[in-house]
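**Q** So that you have it, the file is start-v3.pdb, and it contains PDB, C-alpha atoms:
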MODEL        1
ATOM      1  CA  GLU Q   2      -8.788  -7.142  22.194
ATOM      2  CA  ARG Q   3      -6.974  -8.019  18.984
ATOM      3  CA  HIS Q   4      -9.794  -6.436  16.972
ATOM      4  CA  LYS Q   5      -9.475  -3.226  19.002
ATOM      5  CA  GLU Q   6      -5.699  -3.184  18.500
ATOM      6  CA  HIS Q   7      -6.066  -3.667  14.744
ATOM      7  CA  GLY Q   8      -8.702  -0.929  14.719
ATOM      8  CA  GLY Q   9      -6.348   1.547  16.359
ATOM      9  CA  ASP Q  10      -8.198   1.882  19.681
ATOM     10  CA  ALA Q  11      -5.874   4.245  21.581
ATOM     11  CA  ALA Q  12      -6.726   3.020  25.092
ATOM     12  CA  THR Q  13      -6.198  -0.636  24.166
ATOM     13  CA  ILE Q  14      -2.912   0.081  22.383
ATOM     14  CA  LYS Q  15      -1.659   2.100  25.361
ATOM     15  CA  ARG Q  16      -2.547  -0.734  27.760
ATOM     16  CA  VAL Q  17      -0.725  -3.311  25.615
ATOM     17  CA  ARG Q  18       2.416  -1.163  25.405
ATOM     18  CA  GLU Q  19       2.395  -0.492  29.149
ATOM     19  CA  LYS Q  20       2.448  -4.258  29.687
ATOM     20  CA  GLY Q  21       5.479  -4.538  27.430
ATOM     21  CA  GLY Q  22       3.551  -6.056  24.533
ATOM     22  CA  THR Q  23       3.359  -5.222  20.832
ATOM     23  CA  PRO Q  24      -0.096  -4.089  19.623
ATOM     24  CA  ALA Q  25      -1.532  -6.232  16.841
ATOM     25  CA  GLY Q  26      -0.714  -4.922  13.389
ATOM     26  CA  THR Q  27       2.495  -3.219  14.555
ATOM     27  CA  HIS Q  28       6.100  -4.234  15.036
ATOM     28  CA  VAL Q  29       8.766  -3.162  17.522
ATOM     29  CA  PRO Q  30      12.290  -3.143  16.023
ATOM     30  CA  ILE Q  31      15.177  -4.640  17.975
ATOM     31  CA  MET Q  32      18.732  -3.415  18.570
ATOM     32  CA  VAL Q  33      18.055  -0.037  16.952
ATOM     33  CA  SER Q  34      20.881   1.844  18.679
ATOM     34  CA  GLU Q  35      23.372  -0.961  17.992
ATOM     35  CA  CYS Q  36      22.412  -1.011  14.307
ATOM     36  CA  LEU Q  37      22.810   2.753  13.947
ATOM     37  CA  GLU Q  38      26.171   2.660  15.711
ATOM     38  CA  HIS Q  39      27.630  -0.010  13.447
ATOM     39  CA  LEU Q  40      26.094   1.437  10.280
ATOM     40  CA  ASN Q  41      27.591   4.877  10.947
ATOM     41  CA  ALA Q  42      24.373   6.277   9.471
ATOM     42  CA  SER Q  43      25.139   9.883  10.386
ATOM     43  CA  ASP Q  44      27.778   9.970   7.614
ATOM     44  CA  ALA Q  45      25.833   7.994   4.994
ATOM     45  CA  THR Q  46      24.689   9.386   1.662
ATOM     46  CA  VAL Q  47      22.773   6.295   0.521
ATOM     47  CA  ALA Q  48      21.203   3.880   3.020
ATOM     48  CA  VAL Q  49      19.313   0.641   2.379
ATOM     49  CA  ASP Q  50      16.733  -1.086   4.564
ATOM     50  CA  CYS Q  51      16.261  -4.539   3.055
ATOM     51  CA  THR Q  52      13.072  -5.309   5.009
ATOM     52  CA  LEU Q  53      10.961  -2.206   5.617
ATOM     53  CA  GLY Q  54       8.124  -3.936   7.498
ATOM     54  CA  TYR Q  55       6.506  -1.534   9.977
ATOM     55  CA  GLY Q  56       9.353   0.920   9.472
ATOM     56  CA  GLY Q  57      10.935   0.934  12.922
ATOM     57  CA  HIS Q  58      14.507   0.708  11.702
ATOM     58  CA  SER Q  59      13.841   3.005   8.747
ATOM     59  CA  SER Q  60      12.358   5.640  11.060
ATOM     60  CA  ALA Q  61      15.555   5.552  13.097
ATOM     61  CA  LEU Q  62      17.667   5.725   9.938
ATOM     62  CA  ILE Q  63      15.756   8.778   8.699
ATOM     63  CA  ALA Q  64      16.415  10.521  12.013
ATOM     64  CA  ALA Q  65      20.112   9.621  11.895
ATOM     65  CA  LEU Q  66      20.867  10.325   8.230
ATOM     66  CA  PRO Q  67      22.214  13.720   7.174
ATOM     67  CA  GLN Q  68      20.120  16.061   5.055
ATOM     68  CA  ASN Q  69      19.900  15.206   1.350
ATOM     69  CA  ALA Q  70      20.726  11.556   2.031
ATOM     70  CA  ARG Q  71      18.747   8.826   0.262
ATOM     71  CA  LEU Q  72      17.016   5.878   1.912
ATOM     72  CA  LEU Q  73      15.924   2.925  -0.219
ATOM     73  CA  CYS Q  74      13.438   0.657   1.570
ATOM     74  CA  PHE Q  75      12.693  -2.793   0.201
ATOM     75  CA  ASP Q  76       9.820  -5.129   1.032
ATOM     76  CA  ARG Q  77       8.274  -8.013  -0.883
ATOM     77  CA  ASP Q  78       4.987  -7.460   0.999
ATOM     78  CA  GLY Q  79       3.257  -4.818  -1.103
ATOM     79  CA  VAL Q  80       0.503  -4.210   1.453
ATOM     80  CA  GLU Q  81       2.898  -3.329   4.271
ATOM     81  CA  LEU Q  82       5.229  -1.447   1.923
ATOM     82  CA  GLU Q  83       2.463   0.940   0.873
ATOM     83  CA  ARG Q  84       1.185   1.471   4.415
ATOM     84  CA  THR Q  85       4.583   2.072   5.936
ATOM     85  CA  SER Q  86       6.029   4.247   3.178
ATOM     86  CA  LYS Q  87       3.001   6.554   3.416
ATOM     87  CA  ARG Q  88       3.474   6.814   7.179
ATOM     88  CA  LEU Q  89       7.206   7.544   6.829
ATOM     89  CA  ALA Q  90       6.896  10.080   3.999
ATOM     90  CA  PRO Q  91       6.260  13.124   6.266
ATOM     91  CA  LEU Q  92       9.134  12.093   8.544
ATOM     92  CA  ALA Q  93      11.484  11.830   5.580
ATOM     93  CA  SER Q  94      10.293  15.148   4.216
ATOM     94  CA  ASP Q  95      10.885  16.897   7.540
ATOM     95  CA  GLY Q  96      14.384  15.423   7.726
ATOM     96  CA  LYS Q  97      15.089  16.273   4.083
ATOM     97  CA  VAL Q  98      15.809  12.611   3.328
ATOM     98  CA  GLU Q  99      14.787  11.166  -0.036
ATOM     99  CA  LEU Q 100      12.635   8.080   0.579
ATOM    100  CA  ASP Q 101      12.505   5.444  -2.164
ATOM    101  CA  ALA Q 102      10.127   2.534  -1.407
ATOM    102  CA  VAL Q 103      10.837  -0.494  -3.606
ATOM    103  CA  HIS Q 104       8.384  -3.398  -3.892
ATOM    104  CA  ALA Q 105      10.942  -6.181  -4.254
ATOM    105  CA  ASN Q 106      12.642  -9.056  -2.499
ATOM    106  CA  TYR Q 107      16.011  -8.191  -0.965
ATOM    107  CA  ALA Q 108      17.573 -10.546  -3.478
ATOM    108  CA  CYS Q 109      16.966  -7.696  -5.931
ATOM    109  CA  VAL Q 110      18.799  -4.992  -3.956
ATOM    110  CA  GLY Q 111      21.915  -5.192  -6.121
ATOM    111  CA  ALA Q 112      19.980  -4.937  -9.381
ATOM    112  CA  GLU Q 113      17.799  -2.085  -8.113
ATOM    113  CA  LEU Q 114      20.788  -0.039  -6.940
ATOM    114  CA  ALA Q 115      22.621  -0.674 -10.212
ATOM    115  CA  ARG Q 116      19.541   0.498 -12.112
ATOM    116  CA  ARG Q 117      19.662   3.749 -10.123
ATOM    117  CA  ASN Q 118      23.445   3.981 -10.569
ATOM    118  CA  VAL Q 119      24.088   4.249  -6.813
ATOM    119  CA  ARG Q 120      25.961   2.244  -4.184
ATOM    120  CA  ALA Q 121      25.106   2.044  -0.496
ATOM    121  CA  SER Q 122      26.993   3.716   2.320
ATOM    122  CA  CYS Q 123      25.139   1.440   4.753
ATOM    123  CA  LEU Q 124      22.784  -1.523   4.506
ATOM    124  CA  LEU Q 125      20.554  -3.126   7.133
ATOM    125  CA  ALA Q 126      18.953  -6.559   6.710
ATOM    126  CA  ASP Q 127      16.535  -7.490   9.500
ATOM    127  CA  LEU Q 128      15.731 -11.059   8.468
ATOM    128  CA  GLY Q 129      12.680 -13.197   9.176
ATOM    129  CA  CYS Q 130       9.013 -12.226   9.255
ATOM    130  CA  SER Q 131       7.208  -9.320  10.907
ATOM    131  CA  SER Q 132       4.650  -9.095  13.708
ATOM    132  CA  MET Q 133       2.041  -7.733  11.284
ATOM    133  CA  GLN Q 134       2.192 -10.891   9.212
ATOM    134  CA  ILE Q 135       1.900 -13.089  12.306
ATOM    135  CA  ASP Q 136      -0.992 -11.038  13.740
ATOM    136  CA  ASP Q 137      -3.227 -11.635  10.708
ATOM    137  CA  PRO Q 138      -4.545 -15.231  10.781
ATOM    138  CA  GLU Q 139      -5.519 -14.976   7.111
ATOM    139  CA  ARG Q 140      -1.828 -14.781   6.218
ATOM    140  CA  GLY Q 141      -1.238 -18.245   7.703
ATOM    141  CA  PHE Q 142       1.893 -17.514   9.772
ATOM    142  CA  THR Q 143       0.435 -18.506  13.157
ATOM    143  CA  PHE Q 144      -1.221 -21.624  14.528
ATOM    144  CA  LYS Q 145      -2.729 -19.861  17.548
ATOM    145  CA  ARG Q 146      -5.766 -18.971  15.464
ATOM    146  CA  ASP Q 147      -7.113 -20.984  12.559
ATOM    147  CA  GLY Q 148      -6.378 -19.701   9.090
ATOM    148  CA  PRO Q 149      -5.470 -20.849   5.602
ATOM    149  CA  LEU Q 150      -2.010 -22.389   5.293
ATOM    150  CA  ASP Q 151      -0.684 -19.519   3.188
ATOM    151  CA  MET Q 152       2.605 -18.106   4.603
ATOM    152  CA  ARG Q 153       3.402 -15.975   1.550
ATOM    153  CA  MET Q 154       5.227 -12.738   2.301
ATOM    154  CA  GLY Q 155       4.415 -11.577  -1.210
ATOM    155  CA  LEU Q 156       1.714 -12.636  -3.600
ATOM    156  CA  ALA Q 157       3.774 -14.227  -6.378
ATOM    157  CA  GLU Q 158       4.779 -17.439  -4.610
ATOM    158  CA  ALA Q 159       2.738 -20.614  -4.126
ATOM    159  CA  THR Q 160       1.110 -21.003  -0.714
ATOM    160  CA  ALA Q 161       2.408 -23.409   1.926
ATOM    161  CA  ALA Q 162      -0.626 -25.628   1.302
ATOM    162  CA  GLU Q 163       0.182 -25.730  -2.422
ATOM    163  CA  PHE Q 164       3.814 -26.557  -1.683
ATOM    164  CA  LEU Q 165       2.766 -29.483   0.522
ATOM    165  CA  GLN Q 166       0.347 -30.772  -2.112
ATOM    166  CA  ARG Q 167       3.164 -31.230  -4.629
ATOM    167  CA  ALA Q 168       6.142 -31.909  -2.316
ATOM    168  CA  SER Q 169       7.607 -35.308  -1.527
ATOM    169  CA  ILE Q 170       8.462 -36.598   1.940
ATOM    170  CA  LYS Q 171      12.128 -36.131   1.054
ATOM    171  CA  GLU Q 172      11.604 -32.466   0.101
ATOM    172  CA  VAL Q 173       9.600 -31.628   3.224
ATOM    173  CA  ALA Q 174      12.118 -33.420   5.454
ATOM    174  CA  ALA Q 175      14.973 -31.455   3.858
ATOM    175  CA  ALA Q 176      13.113 -28.201   4.484
ATOM    176  CA  LEU Q 177      12.616 -29.160   8.142
ATOM    177  CA  ARG Q 178      16.310 -29.964   8.571
ATOM    178  CA  ASP Q 179      17.597 -26.847   6.818
ATOM    179  CA  GLY Q 180      15.063 -24.359   8.179
ATOM    180  CA  ALA Q 181      14.498 -25.654  11.702
ATOM    181  CA  ASP Q 182      17.477 -27.883  12.558
ATOM    182  CA  PHE Q 183      15.418 -31.013  13.140
ATOM    183  CA  SER Q 184      17.425 -34.225  13.143
ATOM    184  CA  ARG Q 185      17.220 -36.427  10.072
ATOM    185  CA  ARG Q 186      14.964 -38.896  11.919
ATOM    186  CA  ASP Q 187      12.625 -36.258  13.378
ATOM    187  CA  ALA Q 188      12.417 -34.343  10.111
ATOM    188  CA  ARG Q 189      11.287 -37.472   8.267
ATOM    189  CA  GLU Q 190       8.742 -38.391  10.947
ATOM    190  CA  ILE Q 191       7.223 -34.910  10.830
ATOM    191  CA  ALA Q 192       7.202 -34.918   7.020
ATOM    192  CA  VAL Q 193       5.403 -38.265   6.928
ATOM    193  CA  ALA Q 194       2.803 -37.012   9.420
ATOM    194  CA  ILE Q 195       2.203 -33.762   7.540
ATOM    195  CA  LEU Q 196       1.801 -35.410   4.146
ATOM    196  CA  LYS Q 197      -0.780 -37.977   5.213
ATOM    197  CA  GLU Q 198      -3.970 -37.570   3.198
ATOM    198  CA  PRO Q 199      -5.713 -35.224   3.327
ATOM    199  CA  VAL Q 200      -2.753 -32.854   3.320
ATOM    200  CA  PRO Q 201      -3.541 -30.005   5.745
ATOM    201  CA  ALA Q 202      -4.790 -26.759   4.241
ATOM    202  CA  THR Q 203      -5.124 -24.795   7.499
ATOM    203  CA  THR Q 204      -2.671 -23.767  10.201
ATOM    204  CA  THR Q 205      -4.398 -25.612  13.043
ATOM    205  CA  LEU Q 206      -4.571 -28.880  11.103
ATOM    206  CA  LEU Q 207      -0.859 -28.613  10.366
ATOM    207  CA  ALA Q 208      -0.172 -27.954  14.050
ATOM    208  CA  ASP Q 209      -2.193 -31.040  15.059
ATOM    209  CA  ARG Q 210      -0.157 -33.239  12.705
ATOM    210  CA  VAL Q 211       3.173 -31.990  14.093
ATOM    211  CA  ARG Q 212       2.092 -32.280  17.745
ATOM    212  CA  ALA Q 213       1.169 -35.928  17.196
ATOM    213  CA  VAL Q 214       4.760 -36.864  16.290
ATOM    214  CA  SER Q 215       6.966 -38.369  18.981
ATOM    215  CA  LEU Q 216      10.362 -36.712  18.582
ATOM    216  CA  GLU Q 217      13.756 -38.016  19.687
ATOM    217  CA  GLU Q 218      15.029 -34.492  20.435
ATOM    218  CA  GLU Q 219      14.737 -33.780  24.141
ATOM    219  CA  GLY Q 220      12.764 -30.709  25.128
ATOM    220  CA  CYS Q 221      11.168 -30.205  21.724
ATOM    221  CA  THR Q 222       7.520 -31.089  22.070
ATOM    222  CA  GLY Q 223       4.095 -29.666  21.363
ATOM    223  CA  ASP Q 224       4.030 -26.008  20.371
ATOM    224  CA  ASP Q 225       7.827 -25.712  20.191
ATOM    225  CA  ALA Q 226       7.923 -28.328  17.446
ATOM    226  CA  VAL Q 227       5.027 -26.637  15.651
ATOM    227  CA  LYS Q 228       6.771 -23.234  15.716
ATOM    228  CA  ARG Q 229       9.926 -24.703  14.235
ATOM    229  CA  ALA Q 230       8.069 -26.676  11.582
ATOM    230  CA  MET Q 231       6.100 -23.590  10.527
ATOM    231  CA  GLN Q 232       9.313 -21.573  10.407
ATOM    232  CA  ALA Q 233      10.844 -24.141   8.082
ATOM    233  CA  LEU Q 234       7.783 -24.116   5.810
ATOM    234  CA  ARG Q 235       7.757 -20.313   5.726
ATOM    235  CA  ILE Q 236      11.414 -20.255   4.709
ATOM    236  CA  VAL Q 237      10.989 -22.687   1.835
ATOM    237  CA  VAL Q 238       7.699 -21.173   0.619
ATOM    238  CA  ASN Q 239       9.266 -17.721   0.400
ATOM    239  CA  GLY Q 240      12.671 -18.850  -0.841
ATOM    240  CA  GLU Q 241      14.304 -16.985   2.044
ATOM    241  CA  PHE Q 242      17.643 -18.789   1.958
ATOM    242  CA  ASP Q 243      17.987 -18.298  -1.804
ATOM    243  CA  ALA Q 244      17.187 -14.594  -1.393
ATOM    244  CA  LEU Q 245      19.729 -14.228   1.404
ATOM    245  CA  ASP Q 246      22.399 -16.025  -0.623
ATOM    246  CA  SER Q 247      21.718 -13.660  -3.540
ATOM    247  CA  LEU Q 248      21.999 -10.602  -1.300
ATOM    248  CA  LEU Q 249      25.260 -11.824   0.246
ATOM    249  CA  PHE Q 250      26.702 -12.651  -3.184
ATOM    250  CA  SER Q 251      25.963  -9.156  -4.531
ATOM    251  CA  LEU Q 252      26.920  -7.300  -1.326
ATOM    252  CA  PRO Q 253      30.447  -6.321  -2.494
ATOM    253  CA  ASP Q 254      28.894  -4.550  -5.496
ATOM    254  CA  ILE Q 255      26.087  -3.043  -3.418
ATOM    255  CA  LEU Q 256      28.353  -1.325  -0.890
ATOM    256  CA  ALA Q 257      30.355   1.769  -1.738
ATOM    257  CA  PRO Q 258      34.022   1.816  -0.651
ATOM    258  CA  GLY Q 259      33.977   2.053   3.151
ATOM    259  CA  GLY Q 260      30.317   0.988   3.200
ATOM    260  CA  ARG Q 261      28.916  -0.952   6.126
ATOM    261  CA  ALA Q 262      26.335  -3.736   6.463
ATOM    262  CA  VAL Q 263      24.431  -5.081   9.478
ATOM    263  CA  PHE Q 264      22.501  -8.362   9.451
ATOM    264  CA  LEU Q 265      20.026  -9.325  12.179
ATOM    265  CA  THR Q 266      19.592 -13.100  12.112
ATOM    266  CA  PHE Q 267      17.136 -15.153  14.136
ATOM    267  CA  HIS Q 268      18.094 -18.779  13.592
ATOM    268  CA  SER Q 269      21.080 -20.878  12.662
ATOM    269  CA  GLY Q 270      20.219 -21.265   8.970
ATOM    270  CA  GLU Q 271      20.454 -17.506   8.445
ATOM    271  CA  ASP Q 272      23.357 -17.091  10.836
ATOM    272  CA  ARG Q 273      25.514 -19.721   9.133
ATOM    273  CA  ARG Q 274      25.060 -18.154   5.716
ATOM    274  CA  VAL Q 275      25.854 -14.624   6.865
ATOM    275  CA  LYS Q 276      28.937 -15.640   8.856
ATOM    276  CA  LYS Q 277      30.289 -17.828   6.057
ATOM    277  CA  ALA Q 278      29.915 -15.080   3.441
ATOM    278  CA  LEU Q 279      31.377 -12.317   5.606
ATOM    279  CA  LYS Q 280      34.296 -14.442   6.801
ATOM    280  CA  ALA Q 281      35.090 -15.370   3.202
ATOM    281  CA  GLY Q 282      35.005 -11.684   2.305
ATOM    282  CA  VAL Q 283      37.436 -10.838   5.099
ATOM    283  CA  VAL Q 284      39.844 -13.605   4.036
ATOM    284  CA  SER Q 285      39.763 -12.438   0.401
ATOM    285  CA  GLY Q 286      40.293  -8.805   1.387
ATOM    286  CA  ILE Q 287      36.878  -7.555   0.258
ATOM    287  CA  TYR Q 288      35.755  -6.701   3.792
ATOM    288  CA  ALA Q 289      37.662  -5.274   6.718
TER     289      ALA Q 289
ENDMDL
END
When written as structure tokens, how does the structure in this file appear?
**A**
Amino acid sequence: ERHKEHGGDAATIKRVREKGGTPAGTHVPIMVSECLEHLNASDATVAVDCTLGYGGHSSALIAALPQNARLLCFDRDGVELERTSKRLAPLASDGKVELDAVHANYACVGAELARRNVRASCLLADLGCSSMQIDDPERGFTFKRDGPLDMRMGLAEATAAEFLQRASIKEVAAALRDGADFSRRDAREIAVAILKEPVPATTTLLADRVRAVSLEEEGCTGDDAVKRAMQALRIVVNGEFDALDSLLFSLPDILAPGGRAVFLTFHSGEDRRVKKALKAGVVSGIYA
């Protein structure tokens, strides 16, 4: 079934969507109407999508933007960036919106806009990873099917397996606390289990190590613990918190006067950073 979905089999894709699922190799954006409302996209001249992915939010932005507006789409995943930008090009052309696809981490948004001598009327940052990355076992984002322990969103970073080969128990435990909210005790126990020789090089071996740990946190067992541990590894491998901090730091220079920004966060590590930066901006008078 997954092979048929990836291959674009129309009947299979229709059946999956009718059941409320997301066909493999695609991604369904969330809170589209809410994002457009708060971004005030209909009055924007320059819009930014920090994580293009499958293009769900960008498609909606193109439809909402006025003619002659400009949409800059960023993605560190060059494979998905090329696929999606090609698919969106006719839509942008029909709507008379200039589409600028940028192969870069969203930490670089400020520098890329400065290089183009523009500032954003609205910016959307849909954080986390995409369904397409999870659906491909060779990318190493899922433990449901065996694959190499990769987890890179781009191709410049070291893989998760390479990170574990050189990391200490202290470093892995810190990543588990910061990226998955494990307690200090549980984070260390998981780190010790993961780093036992031979250090796992595949997703299923990593999952087996995590499942074997007896955690003190109630209700966090088995696959739940594995999901959180893999999330934490993904975050540290891709430097997601550093990238988010860079974006938040440069946001006042990115936005034009009266510009708006929307952040979609999916766990407390992201949420804390966004709230702290925006609250500080309100207190200092940068944001309203």
**Q** When you count all atoms listed in the file, which of these residues is closest to Val263 in chain Q: Q:Tyr55, Q:Gly223, Q:Asp95, Q:Cys123?
**A**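 Nearest to Val263 in chain Q: Q:Cys123.
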**Q** Listing only residues of range 146-255 of chain Q within 7 Å of range 106-110 of chain Q, what is the closest atom pair and its distance in Å (to one decimal) for each, using only C-alpha atoms, sorted by chain and residue number ascending, as JSON lines?
**A**
{"residue": "Q:Ala244", "atom": "CA", "partner": "Q:Ala108", "partner_atom": "CA", "distance": 4.6}
{"residue": "Q:Leu245", "atom": "CA", "partner": "Q:Ala108", "partner_atom": "CA", "distance": 6.5}
{"residue": "Q:Ser247", "atom": "CA", "partner": "Q:Ala108", "partner_atom": "CA", "distance": 5.2}
{"residue": "Q:Leu248", "atom": "CA", "partner": "Q:Ala108", "partner_atom": "CA", "distance": 4.9}
**Q** Hey, which of Q:Glu217, Q:Glu271, Q:Asp50, Q:Asp225 ends up closest to Ala121 in chain Q? Count all atoms listed in the file.
**A** Q:Asp50
**Q** I would like the residues chosen by the PyMOL selection byres ((chain Q and resi 178) around 12) on the shown file; could you give them as a ChimeraX atom specification?
**A** /Q:171-177,179-192,229-230,232-234,236-237,269-270
**Q** For a test of reading the model, state the distance in Å between CA of Ala213 in chain Q and CA of Pro199 in chain Q, rounded to one decimal.
**A**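 So the two atoms, CA of Ala213 in chain Q and CA of Pro199 in chain Q, lie 15.5 Å apart.
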